[in-house]
Amino acid sequence: MNAFTNLTGKILVLEQENIDTDQIIPARFLTATDFDGIGDHAFADWRTDSNGEPIADHVLNQELAHHSPILVGGHNFGCGSSREHAPRALMGFGFRVVISSQIADIFRSNSHNIGLLPVVLEKDQLAILLNMDGEEISVDLEQSKVFVRRADGAEHSWSFSIDPFARHCLLRGLDRMDFLSQAEDAIAAYEERA
Amino acid sequence: MSTPETRKKTLFDKLWDSHVVQAQTDSAPAIIYIDLHLVHEVTSPQGFDLLRETGIRVRRPQRTLATLDHSTPTLPPGPDGQRPYITDQAQRQVQTLRANCKEFGIELHDWDSPWRGIVHVIGPELGATQPGMTIVCGDSHTSTHGAFGALAFGIGTTEVGYVLAKQCLLQNKPKSMRINIEGQLGHGVTAKDLALNIIRYLGMNGGTGYVIEYAGEAVRNLDMESRMTLCNMTIEAGARAGMIAPDQTTIDYLRGREKAPQGDDFELAAEKWLQLASDEDAVFDKEISLDGSAMRPAITYGTDPGMSIAIGEPVPKPSNASQEKALKYMGFRSGQAMSERQVDVVFIGSCTNGRISDMRAAANILKGRQVASHVRMLVVPGSENVRRQAEQEGLHHIITAAGAEWRLPGCSMCIAMNGDLVPPGKTAVSTSNRNFEGRQGAGSRTLLASPETAAASAVMGRVAGVAELESAQEVA
């Protein structure tokens, strides 16, 4: 897993609420046995027509989408299925951070496991970002803060909470398998007891 | 302050505490032991790759159980003996699981197994799902198994790899919520209707961060298959796990099942299972009571499972931009009667409603009736066991005589990755669990309902409940 410390970049806004995993990666792309190239299919039903051709004026087909590392989505992002393909597709598409005012439980833990940073902000903070499509913000995991400068000059620094262990692993690019391996004695002892 | 010994515990507390390998600290989640790991072809290949890359074996193959369900065709092999996979890639995915199970010594319910079926149907049928267990699977509807008083939840593929390797997961303890359903469910109100009513109340994210225990008179009165339907839909309210305390109904269901304890061992186990119920006065982070007797058969009209109404109610007014978008996608306008909507496809099956009681419910409505000529209806048993039992009871004859298709077991049109799908713009009444945009095929419009409502709608050729079907035919 790649480490994440901080990142400054333009945000891509998808303001719809409840963006579910079937939107992020439709089920027909789940038959592959690896994750290679899965980013090509992110939001496939949103940005391609029934013939699989790109819909030119869709925001996800604009220049910004391909250069934005930060996705800002409406409330309750990532609801639905447990498919890890969803955060994998977003990373494959080029995102390293997803920001919303609520992020579904399984999507969030899958993101932690693969190095995509989920950031949950307050609703009023998200509302500001939803109106800043294409503008630059900074996400600093070391400080657990998002830094925003609006067009009118107003500046914000918003703290976000993140599970301390997820933060620790993301900052160092640590794989949880190593942590589990270190607990071998405890696991063996549990199996002995049970 | 109560000491740990005297603290009143919830069912969830008991399940959690008995599986802690290493306690949660300020800097790290708990390590939780997993008793049963269910595996299917879609979310496992990269997990097995992780083992190969790191040279690790599956730690406890005997705690791992695999089946084919998602990518599998529901039509029989052609004259050439080949199964009609939708793509070569889908076939390769099945072959990959077969090879992985062989390499790592895992029990696989392949095409030739009399138990093959949807992962959440076969676990309970085999008695592999038991009270007091922790159960995971790379599938969000793993919540189904909570019906037995187990802690069961969906995980991602990286975590599938961790469980294969270590039989453990890192978890922060979620909050607890108890939902009491008081009174008895009204006439014609099924577990699916109950689930849709609860999700409508909570909203599709109202359960996020929680584990839900279902309790109360109406829940106690549910049979095991109904309890599975209810717990299955828990994730649709955002909660990873739903559960119901084991009782005599649970014990009666499990007695004699292949993987359940046998003889005296079973009676000893059953005694322990009954101790799992939440202690009286146990405290939940959140507690809700709903009146079961006030609930009506439900159907969804939008693109999230929380957007449902009682059958007969008009389509509600959208309250935000997302709901407005949902109505536009579905082709509904507020105030419209749902019964105006012509139905193109009806699907009965899935891990939500693919069990024998669901097949019986559908056959009961279809008996002596015909599916409307413009409706394509698929009835897909959840497992080979369900199929066998249904065919022994002659249900398949009733279903096919009515003009519906009787298919081989699998997830089929619920996730629509095997070729069974709803065409763009068409409306399906479906007994599955998700009505997201494009869930049953790009552009598909899904109305979630019970098997009874789905079958009634198939006969009427438009959205209709059982009561309406029966009164319409009395008049005729």
# chains A, B, ... in the order shown; residues from 1 in each chain; ligands from 1
call {"tool": "select_by_dssp", "arguments": {"residues": "segment 46-192 of chain B", "states": "alpha helix (DSSP H)", "output": "VMD selection string"}}
result
chain B and resid 46 to 54 88 to 104 119 to 126 157 to 166 191 to 192
call {"tool": "write_last_selection", "arguments": {"atoms": "N, CA and C atoms", "output": "tab-separated table (two decimals), in the first residue's frame"}}
result
chain	number	residue	atom	x	y	z
B	46	GLN	N	-8.53	-12.20	-5.86
B	46	GLN	CA	-7.40	-11.36	-5.46
B	46	GLN	C	-6.97	-11.67	-4.03
B	47	GLY	N	-7.89	-12.18	-3.22
B	47	GLY	CA	-7.55	-12.61	-1.86
B	47	GLY	C	-6.63	-13.81	-1.88
B	48	PHE	N	-6.94	-14.77	-2.75
B	48	PHE	CA	-6.07	-15.94	-2.89
B	48	PHE	C	-4.72	-15.53	-3.47
B	49	ASP	N	-4.73	-14.58	-4.41
B	49	ASP	CA	-3.46	-14.10	-4.97
B	49	ASP	C	-2.55	-13.56	-3.87
B	50	LEU	N	-3.17	-12.87	-2.90
B	50	LEU	CA	-2.40	-12.30	-1.79
B	50	LEU	C	-1.67	-13.42	-1.04
B	51	LEU	N	-2.35	-14.56	-0.86
B	51	LEU	CA	-1.71	-15.70	-0.19
B	51	LEU	C	-0.51	-16.19	-1.00
B	52	ARG	N	-0.72	-16.34	-2.30
B	52	ARG	CA	0.37	-16.85	-3.14
B	52	ARG	C	1.57	-15.90	-3.13
B	53	GLU	N	1.25	-14.58	-3.20
B	53	GLU	CA	2.34	-13.59	-3.21
B	53	GLU	C	3.17	-13.67	-1.93
B	54	THR	N	2.50	-13.97	-0.82
B	54	THR	CA	3.21	-13.94	0.46
B	54	THR	C	3.59	-15.35	0.93
B	88	ASP	N	-16.42	-15.28	-21.45
B	88	ASP	CA	-15.33	-16.19	-21.10
B	88	ASP	C	-14.74	-15.80	-19.76
B	89	GLN	N	-14.75	-14.49	-19.51
B	89	GLN	CA	-14.18	-14.01	-18.25
B	89	GLN	C	-14.97	-14.54	-17.05
B	90	ALA	N	-16.30	-14.58	-17.19
B	90	ALA	CA	-17.14	-15.11	-16.11
B	90	ALA	C	-16.81	-16.58	-15.88
B	91	GLN	N	-16.62	-17.31	-16.95
B	91	GLN	CA	-16.27	-18.72	-16.83
B	91	GLN	C	-14.90	-18.88	-16.17
B	92	ARG	N	-13.97	-18.02	-16.58
B	92	ARG	CA	-12.62	-18.09	-15.98
B	92	ARG	C	-12.67	-17.79	-14.48
B	93	GLN	N	-13.59	-16.89	-14.10
B	93	GLN	CA	-13.69	-16.56	-12.68
B	93	GLN	C	-14.13	-17.80	-11.87
B	94	VAL	N	-15.06	-18.54	-12.43
B	94	VAL	CA	-15.51	-19.78	-11.78
B	94	VAL	C	-14.38	-20.80	-11.74
B	95	GLN	N	-13.67	-20.92	-12.86
B	95	GLN	CA	-12.53	-21.86	-12.91
B	95	GLN	C	-11.45	-21.48	-11.90
B	96	THR	N	-11.27	-20.15	-11.74
B	96	THR	CA	-10.26	-19.67	-10.79
B	96	THR	C	-10.62	-20.07	-9.36
B	97	LEU	N	-11.90	-19.94	-9.01
B	97	LEU	CA	-12.30	-20.35	-7.66
B	97	LEU	C	-12.08	-21.85	-7.48
B	98	ARG	N	-12.43	-22.60	-8.51
B	98	ARG	CA	-12.25	-24.06	-8.45
B	98	ARG	C	-10.77	-24.41	-8.20
B	99	ALA	N	-9.90	-23.75	-8.95
B	99	ALA	CA	-8.46	-24.01	-8.81
B	99	ALA	C	-7.96	-23.57	-7.44
B	100	ASN	N	-8.44	-22.42	-6.96
B	100	ASN	CA	-8.01	-21.93	-5.65
B	100	ASN	C	-8.45	-22.87	-4.53
B	101	CYS	N	-9.69	-23.35	-4.62
B	101	CYS	CA	-10.19	-24.25	-3.57
B	101	CYS	C	-9.39	-25.55	-3.55
B	102	LYS	N	-9.03	-26.00	-4.75
B	102	LYS	CA	-8.24	-27.23	-4.84
B	102	LYS	C	-6.85	-27.00	-4.24
B	103	GLU	N	-6.23	-25.90	-4.65
B	103	GLU	CA	-4.87	-25.61	-4.18
B	103	GLU	C	-4.80	-25.45	-2.66
B	104	PHE	N	-5.84	-24.84	-2.08
B	104	PHE	CA	-5.77	-24.52	-0.66
B	104	PHE	C	-6.64	-25.44	0.21
B	119	VAL	N	-24.55	-18.12	-1.55
B	119	VAL	CA	-23.75	-18.31	-0.35
B	119	VAL	C	-24.57	-18.11	0.93
B	120	HIS	N	-25.49	-17.15	0.92
B	120	HIS	CA	-26.27	-16.87	2.14
B	120	HIS	C	-27.49	-17.78	2.27
B	121	VAL	N	-27.72	-18.58	1.27
B	121	VAL	CA	-28.79	-19.58	1.38
B	121	VAL	C	-28.20	-20.90	1.86
B	122	ILE	N	-27.02	-21.25	1.34
B	122	ILE	CA	-26.50	-22.58	1.67
B	122	ILE	C	-25.87	-22.67	3.06
B	123	GLY	N	-25.32	-21.57	3.56
B	123	GLY	CA	-24.71	-21.60	4.91
B	123	GLY	C	-25.71	-22.12	5.94
B	124	PRO	N	-26.88	-21.49	6.01
B	124	PRO	CA	-27.92	-21.97	6.93
B	124	PRO	C	-28.44	-23.38	6.58
B	125	GLU	N	-28.64	-23.66	5.31
B	125	GLU	CA	-29.17	-24.98	4.92
B	125	GLU	C	-28.26	-26.10	5.40
B	126	LEU	N	-26.96	-25.87	5.30
B	126	LEU	CA	-26.01	-26.89	5.71
B	126	LEU	C	-25.84	-26.95	7.23
B	157	THR	N	-12.21	-7.46	-0.45
B	157	THR	CA	-11.35	-8.55	-0.91
B	157	THR	C	-10.01	-8.62	-0.19
B	158	THR	N	-9.45	-7.47	0.16
B	158	THR	CA	-8.20	-7.49	0.93
B	158	THR	C	-8.43	-8.20	2.26
B	159	GLU	N	-9.59	-7.92	2.87
B	159	GLU	CA	-9.92	-8.58	4.13
B	159	GLU	C	-10.19	-10.07	3.93
B	160	VAL	N	-10.74	-10.43	2.78
B	160	VAL	CA	-10.89	-11.86	2.46
B	160	VAL	C	-9.51	-12.52	2.55
B	161	GLY	N	-8.51	-11.86	2.00
B	161	GLY	CA	-7.14	-12.37	2.07
B	161	GLY	C	-6.65	-12.50	3.51
B	162	TYR	N	-6.95	-11.49	4.35
B	162	TYR	CA	-6.53	-11.55	5.76
B	162	TYR	C	-7.18	-12.74	6.47
B	163	VAL	N	-8.46	-12.93	6.19
B	163	VAL	CA	-9.17	-14.03	6.90
B	163	VAL	C	-8.67	-15.38	6.40
B	164	LEU	N	-8.42	-15.49	5.11
B	164	LEU	CA	-7.85	-16.74	4.60
B	164	LEU	C	-6.51	-17.02	5.30
B	165	ALA	N	-5.71	-15.97	5.46
B	165	ALA	CA	-4.36	-16.14	5.99
B	165	ALA	C	-4.33	-16.28	7.51
B	166	LYS	N	-5.15	-15.49	8.19
B	166	LYS	CA	-5.02	-15.38	9.65
B	166	LYS	C	-6.27	-15.78	10.42
B	191	ALA	N	-41.95	-10.62	5.92
B	191	ALA	CA	-40.66	-10.14	6.44
B	191	ALA	C	-40.05	-9.10	5.51
B	192	LYS	N	-40.25	-9.27	4.21
B	192	LYS	CA	-39.72	-8.29	3.25
B	192	LYS	C	-40.39	-6.95	3.45
call {"tool": "closest_atom_pairs", "arguments": {"of": "segment 34-149 of chain A", "to": "segment 163-180 of chain A", "cutoff": "12 Å", "atoms": "only C-alpha atoms", "output": "CSV"}}
result
residue,atom,partner,partner_atom,distance
A:Arg96,CA,A:Leu170,CA,11.2
A:Val97,CA,A:Leu170,CA,11.6
A:Arg108,CA,A:Ala166,CA,10.1
A:Ser109,CA,A:Ala166,CA,8.6
A:Asn110,CA,A:Ala166,CA,10.8
A:Ser111,CA,A:Ala166,CA,9.6
A:His112,CA,A:Ala166,CA,6.0
A:Asn113,CA,A:Arg176,CA,7.5
A:Ile114,CA,A:Asp175,CA,8.6
A:Gly115,CA,A:Leu170,CA,6.1
A:Leu116,CA,A:Leu170,CA,8.4
A:Leu117,CA,A:Leu170,CA,7.8
A:Pro118,CA,A:Ala166,CA,10.1
A:Val119,CA,A:Asp163,CA,10.7
A:Val120,CA,A:Asp163,CA,11.2
A:Asp140,CA,A:Leu171,CA,10.2
A:Leu141,CA,A:Leu171,CA,7.2
A:Glu142,CA,A:Leu171,CA,7.3
A:Gln143,CA,A:Arg167,CA,10.3
A:Ser144,CA,A:Arg167,CA,8.6
call {"tool": "write_last_selection", "arguments": {"atoms": "C-alpha atoms", "output": "PDB file, in the first residue's frame"}}
result
ATOM      1  CA  ARG A  96      -6.458   9.447  -3.729  1.00  0.00           C
ATOM      2  CA  VAL A  97      -9.035  11.135  -1.476  1.00  0.00           C
ATOM      3  CA  ARG A 108     -14.597   3.213   4.299  1.00  0.00           C
ATOM      4  CA  SER A 109     -12.791   0.170   5.664  1.00  0.00           C
ATOM      5  CA  ASN A 110     -12.047  -1.060   2.136  1.00  0.00           C
ATOM      6  CA  SER A 111     -10.574   2.368   1.354  1.00  0.00           C
ATOM      7  CA  HIS A 112      -8.378   2.246   4.446  1.00  0.00           C
ATOM      8  CA  ASN A 113      -7.116  -1.172   3.403  1.00  0.00           C
ATOM      9  CA  ILE A 114      -6.009  -0.095  -0.063  1.00  0.00           C
ATOM     10  CA  GLY A 115      -4.693   3.422   0.528  1.00  0.00           C
ATOM     11  CA  LEU A 116      -7.611   5.609  -0.541  1.00  0.00           C
ATOM     12  CA  LEU A 117      -8.185   8.299   2.101  1.00  0.00           C
ATOM     13  CA  PRO A 118     -11.855   8.746   3.114  1.00  0.00           C
ATOM     14  CA  VAL A 119     -12.499  12.137   4.737  1.00  0.00           C
ATOM     15  CA  VAL A 120     -15.750  12.834   6.545  1.00  0.00           C
ATOM     16  CA  ASP A 140      -3.160  16.923   5.288  1.00  0.00           C
ATOM     17  CA  LEU A 141      -3.371  13.550   7.003  1.00  0.00           C
ATOM     18  CA  GLU A 142      -0.556  14.285   9.467  1.00  0.00           C
ATOM     19  CA  GLN A 143      -2.628  17.133  10.920  1.00  0.00           C
ATOM     20  CA  SER A 144      -5.951  15.471   9.955  1.00  0.00           C
TER      21      SER A 144
END
call {"tool": "select_by_dssp", "arguments": {"residues": "segment 1-191 of chain A", "states": "strand (DSSP E or B)", "output": "PyMOL selection string"}}
result
chain A and resi 6-14+20+48+54+70-73+77+79+97-100+103+117-120+136-140+145-149+155-159
call {"tool": "write_last_selection", "arguments": {"atoms": "C-alpha atoms", "output": "PDB file, in the first residue's frame"}}
result
ATOM      1  CA  ASN A   6      -0.692  15.185   2.333  1.00  0.00           C
ATOM      2  CA  LEU A   7      -1.937  16.275  -1.026  1.00  0.00           C
ATOM      3  CA  THR A   8      -2.931  19.485  -2.757  1.00  0.00           C
ATOM      4  CA  GLY A   9      -5.062  19.349  -5.841  1.00  0.00           C
ATOM      5  CA  LYS A  10      -8.220  20.337  -7.636  1.00  0.00           C
ATOM      6  CA  ILE A  11     -11.470  18.792  -6.443  1.00  0.00           C
ATOM      7  CA  LEU A  12     -14.012  17.060  -8.624  1.00  0.00           C
ATOM      8  CA  VAL A  13     -17.540  17.459  -7.316  1.00  0.00           C
ATOM      9  CA  LEU A  14     -20.297  14.855  -7.699  1.00  0.00           C
ATOM     10  CA  ASP A  20     -23.688   3.723  -4.284  1.00  0.00           C
ATOM     11  CA  THR A  48     -20.652   6.189 -21.316  1.00  0.00           C
ATOM     12  CA  PRO A  54     -17.954   8.312 -23.744  1.00  0.00           C
ATOM     13  CA  ILE A  70      -9.792  14.524  -4.770  1.00  0.00           C
ATOM     14  CA  LEU A  71     -13.398  13.427  -5.240  1.00  0.00           C
ATOM     15  CA  VAL A  72     -16.054  15.327  -3.299  1.00  0.00           C
ATOM     16  CA  GLY A  73     -19.357  13.442  -3.172  1.00  0.00           C
ATOM     17  CA  PHE A  77     -21.012   8.127  -0.284  1.00  0.00           C
ATOM     18  CA  CYS A  79     -23.319   2.858   0.240  1.00  0.00           C
ATOM     19  CA  VAL A  97      -9.035  11.135  -1.476  1.00  0.00           C
ATOM     20  CA  VAL A  98     -12.826  10.902  -1.190  1.00  0.00           C
ATOM     21  CA  ILE A  99     -14.628  13.578   0.814  1.00  0.00           C
ATOM     22  CA  SER A 100     -18.250  13.469   1.949  1.00  0.00           C
ATOM     23  CA  ILE A 103     -19.154   7.518   4.050  1.00  0.00           C
ATOM     24  CA  LEU A 117      -8.185   8.299   2.101  1.00  0.00           C
ATOM     25  CA  PRO A 118     -11.855   8.746   3.114  1.00  0.00           C
ATOM     26  CA  VAL A 119     -12.499  12.137   4.737  1.00  0.00           C
ATOM     27  CA  VAL A 120     -15.750  12.834   6.545  1.00  0.00           C
ATOM     28  CA  GLU A 136      -7.703  23.593  -5.300  1.00  0.00           C
ATOM     29  CA  ILE A 137      -7.712  22.390  -1.690  1.00  0.00           C
ATOM     30  CA  SER A 138      -5.173  20.652   0.546  1.00  0.00           C
ATOM     31  CA  VAL A 139      -5.701  17.500   2.551  1.00  0.00           C
ATOM     32  CA  ASP A 140      -3.160  16.923   5.288  1.00  0.00           C
ATOM     33  CA  LYS A 145      -7.035  18.735   8.405  1.00  0.00           C
ATOM     34  CA  VAL A 146      -8.488  20.026   5.169  1.00  0.00           C
ATOM     35  CA  PHE A 147      -7.331  23.499   4.061  1.00  0.00           C
ATOM     36  CA  VAL A 148      -9.617  25.531   1.838  1.00  0.00           C
ATOM     37  CA  ARG A 149      -9.264  29.007   0.353  1.00  0.00           C
ATOM     38  CA  GLU A 155      -9.900  30.570   4.409  1.00  0.00           C
ATOM     39  CA  HIS A 156     -10.888  27.471   6.348  1.00  0.00           C
ATOM     40  CA  SER A 157      -8.973  24.770   8.083  1.00  0.00           C
ATOM     41  CA  TRP A 158     -11.249  21.909   9.043  1.00  0.00           C
ATOM     42  CA  SER A 159     -10.201  19.050  11.288  1.00  0.00           C
TER      43      SER A 159
END
call {"tool": "interface_residues", "arguments": {"of": "chain A", "to": "chain B", "cutoff": "8 Å", "atoms": "only C-alpha atoms", "output": "ChimeraX atom specification"}}
result
/A:16-17,20,22-23,26-28,30-35,45,50,76,79-84,104-106,110,113-114,164-165,177,180-181,183,186-187,190
call {"tool": "atom_distance", "arguments": {"atom1": "atom CA of Gly425 of chain B", "atom2": "atom CA of Tyr329 of chain B"}}
result
8.7 Å
call {"tool": "residues_around", "arguments": {"residues": "segment 252-269 of chain B", "least_positions_apart": "2", "cutoff": "9 Å", "atoms": "only C-alpha atoms", "output": "VMD selection string"}}
result
chain B and resid 124 to 130 223 to 224 247 to 250 271 to 274
call {"tool": "write_last_selection", "arguments": {"atoms": "C-alpha atoms", "output": "compact mmCIF listing (two decimals), in the first residue's frame"}}
result
# COMPACT_ATOMS: atom_id res chain seq x y z
CA PRO B 124 -27.92 -21.97 6.93
CA GLU B 125 -29.17 -24.98 4.92
CA LEU B 126 -26.01 -26.89 5.71
CA GLY B 127 -26.12 -25.88 9.35
CA ALA B 128 -22.71 -24.26 8.86
CA THR B 129 -24.27 -21.01 10.10
CA GLN B 130 -24.74 -21.35 13.85
CA ASP B 223 -39.85 -18.27 11.18
CA MET B 224 -36.15 -18.67 10.33
CA ASP B 247 -34.62 -19.19 20.52
CA GLN B 248 -36.54 -22.45 20.08
CA THR B 249 -37.31 -21.50 16.45
CA THR B 250 -33.57 -21.26 15.76
CA GLU B 271 -28.38 -24.74 25.79
CA LYS B 272 -25.46 -22.38 25.22
CA TRP B 273 -27.17 -20.70 22.27
CA LEU B 274 -30.15 -19.77 24.43
call {"tool": "closest_residue", "arguments": {"among": "A:Arg150, A:Ile128, A:His75, A:Asp40", "to": "Gly52 of chain A", "atoms": "only C-alpha atoms"}}
result
A:Asp40
call {"tool": "residues_around", "arguments": {"residues": "His58 of chain A", "least_positions_apart": "3", "cutoff": "9 Å", "atoms": "only C-alpha atoms", "output": "ChimeraX atom specification"}}
result
/A:46-48,54-55,61-62
call {"tool": "residues_around", "arguments": {"residues": "Ser471 of chain B", "least_positions_apart": "5", "cutoff": "12 Å", "atoms": "only C-alpha atoms", "output": "list of chain:residue names"}}
result
B:Ala456, B:Met460, B:Ala464, B:Gly465, B:Val466, B:Ala476
call {"tool": "decode", "arguments": {"residues": "segment 114-169 of chain A", "atoms": "C-alpha atoms", "output": "PDB file, in the first residue's frame"}}
result
ATOM      1  CA  ILE A 114      -6.009  -0.095  -0.063  1.00  0.00           C
ATOM      2  CA  GLY A 115      -4.693   3.422   0.528  1.00  0.00           C
ATOM      3  CA  LEU A 116      -7.611   5.609  -0.541  1.00  0.00           C
ATOM      4  CA  LEU A 117      -8.185   8.299   2.101  1.00  0.00           C
ATOM      5  CA  PRO A 118     -11.855   8.746   3.114  1.00  0.00           C
ATOM      6  CA  VAL A 119     -12.499  12.137   4.737  1.00  0.00           C
ATOM      7  CA  VAL A 120     -15.750  12.834   6.545  1.00  0.00           C
ATOM      8  CA  LEU A 121     -16.574  16.518   7.055  1.00  0.00           C
ATOM      9  CA  GLU A 122     -19.508  18.323   8.623  1.00  0.00           C
ATOM     10  CA  LYS A 123     -22.507  18.944   6.376  1.00  0.00           C
ATOM     11  CA  ASP A 124     -21.968  22.723   6.255  1.00  0.00           C
ATOM     12  CA  GLN A 125     -18.309  22.209   5.374  1.00  0.00           C
ATOM     13  CA  LEU A 126     -19.236  19.791   2.606  1.00  0.00           C
ATOM     14  CA  ALA A 127     -21.788  22.293   1.304  1.00  0.00           C
ATOM     15  CA  ILE A 128     -18.939  24.779   0.768  1.00  0.00           C
ATOM     16  CA  LEU A 129     -16.864  22.222  -1.136  1.00  0.00           C
ATOM     17  CA  LEU A 130     -19.826  21.180  -3.281  1.00  0.00           C
ATOM     18  CA  ASN A 131     -19.731  24.719  -4.683  1.00  0.00           C
ATOM     19  CA  MET A 132     -16.010  24.685  -5.392  1.00  0.00           C
ATOM     20  CA  ASP A 133     -15.796  22.260  -8.310  1.00  0.00           C
ATOM     21  CA  GLY A 134     -12.365  22.508  -9.950  1.00  0.00           C
ATOM     22  CA  GLU A 135     -10.796  24.590  -7.199  1.00  0.00           C
ATOM     23  CA  GLU A 136      -7.703  23.593  -5.300  1.00  0.00           C
ATOM     24  CA  ILE A 137      -7.712  22.390  -1.690  1.00  0.00           C
ATOM     25  CA  SER A 138      -5.173  20.652   0.546  1.00  0.00           C
ATOM     26  CA  VAL A 139      -5.701  17.500   2.551  1.00  0.00           C
ATOM     27  CA  ASP A 140      -3.160  16.923   5.288  1.00  0.00           C
ATOM     28  CA  LEU A 141      -3.371  13.550   7.003  1.00  0.00           C
ATOM     29  CA  GLU A 142      -0.556  14.285   9.467  1.00  0.00           C
ATOM     30  CA  GLN A 143      -2.628  17.133  10.920  1.00  0.00           C
ATOM     31  CA  SER A 144      -5.951  15.471   9.955  1.00  0.00           C
ATOM     32  CA  LYS A 145      -7.035  18.735   8.405  1.00  0.00           C
ATOM     33  CA  VAL A 146      -8.488  20.026   5.169  1.00  0.00           C
ATOM     34  CA  PHE A 147      -7.331  23.499   4.061  1.00  0.00           C
ATOM     35  CA  VAL A 148      -9.617  25.531   1.838  1.00  0.00           C
ATOM     36  CA  ARG A 149      -9.264  29.007   0.353  1.00  0.00           C
ATOM     37  CA  ARG A 150     -12.409  30.309  -1.309  1.00  0.00           C
ATOM     38  CA  ALA A 151     -12.612  32.650  -4.266  1.00  0.00           C
ATOM     39  CA  ASP A 152     -13.698  35.514  -1.984  1.00  0.00           C
ATOM     40  CA  GLY A 153     -10.499  35.062   0.039  1.00  0.00           C
ATOM     41  CA  ALA A 154     -12.122  33.312   3.017  1.00  0.00           C
ATOM     42  CA  GLU A 155      -9.900  30.570   4.409  1.00  0.00           C
ATOM     43  CA  HIS A 156     -10.888  27.471   6.348  1.00  0.00           C
ATOM     44  CA  SER A 157      -8.973  24.770   8.083  1.00  0.00           C
ATOM     45  CA  TRP A 158     -11.249  21.909   9.043  1.00  0.00           C
ATOM     46  CA  SER A 159     -10.201  19.050  11.288  1.00  0.00           C
ATOM     47  CA  PHE A 160     -11.548  15.647  10.390  1.00  0.00           C
ATOM     48  CA  SER A 161     -11.595  12.569  12.534  1.00  0.00           C
ATOM     49  CA  ILE A 162     -10.179   9.296  11.281  1.00  0.00           C
ATOM     50  CA  ASP A 163      -9.608   6.003  13.027  1.00  0.00           C
ATOM     51  CA  PRO A 164      -6.105   6.391  14.568  1.00  0.00           C
ATOM     52  CA  PHE A 165      -4.962   3.009  13.323  1.00  0.00           C
ATOM     53  CA  ALA A 166      -6.137   3.699   9.776  1.00  0.00           C
ATOM     54  CA  ARG A 167      -4.297   7.010   9.924  1.00  0.00           C
ATOM     55  CA  HIS A 168      -1.151   5.315  11.227  1.00  0.00           C
ATOM     56  CA  CYS A 169      -1.239   2.724   8.423  1.00  0.00           C
TER      57      CYS A 169
END
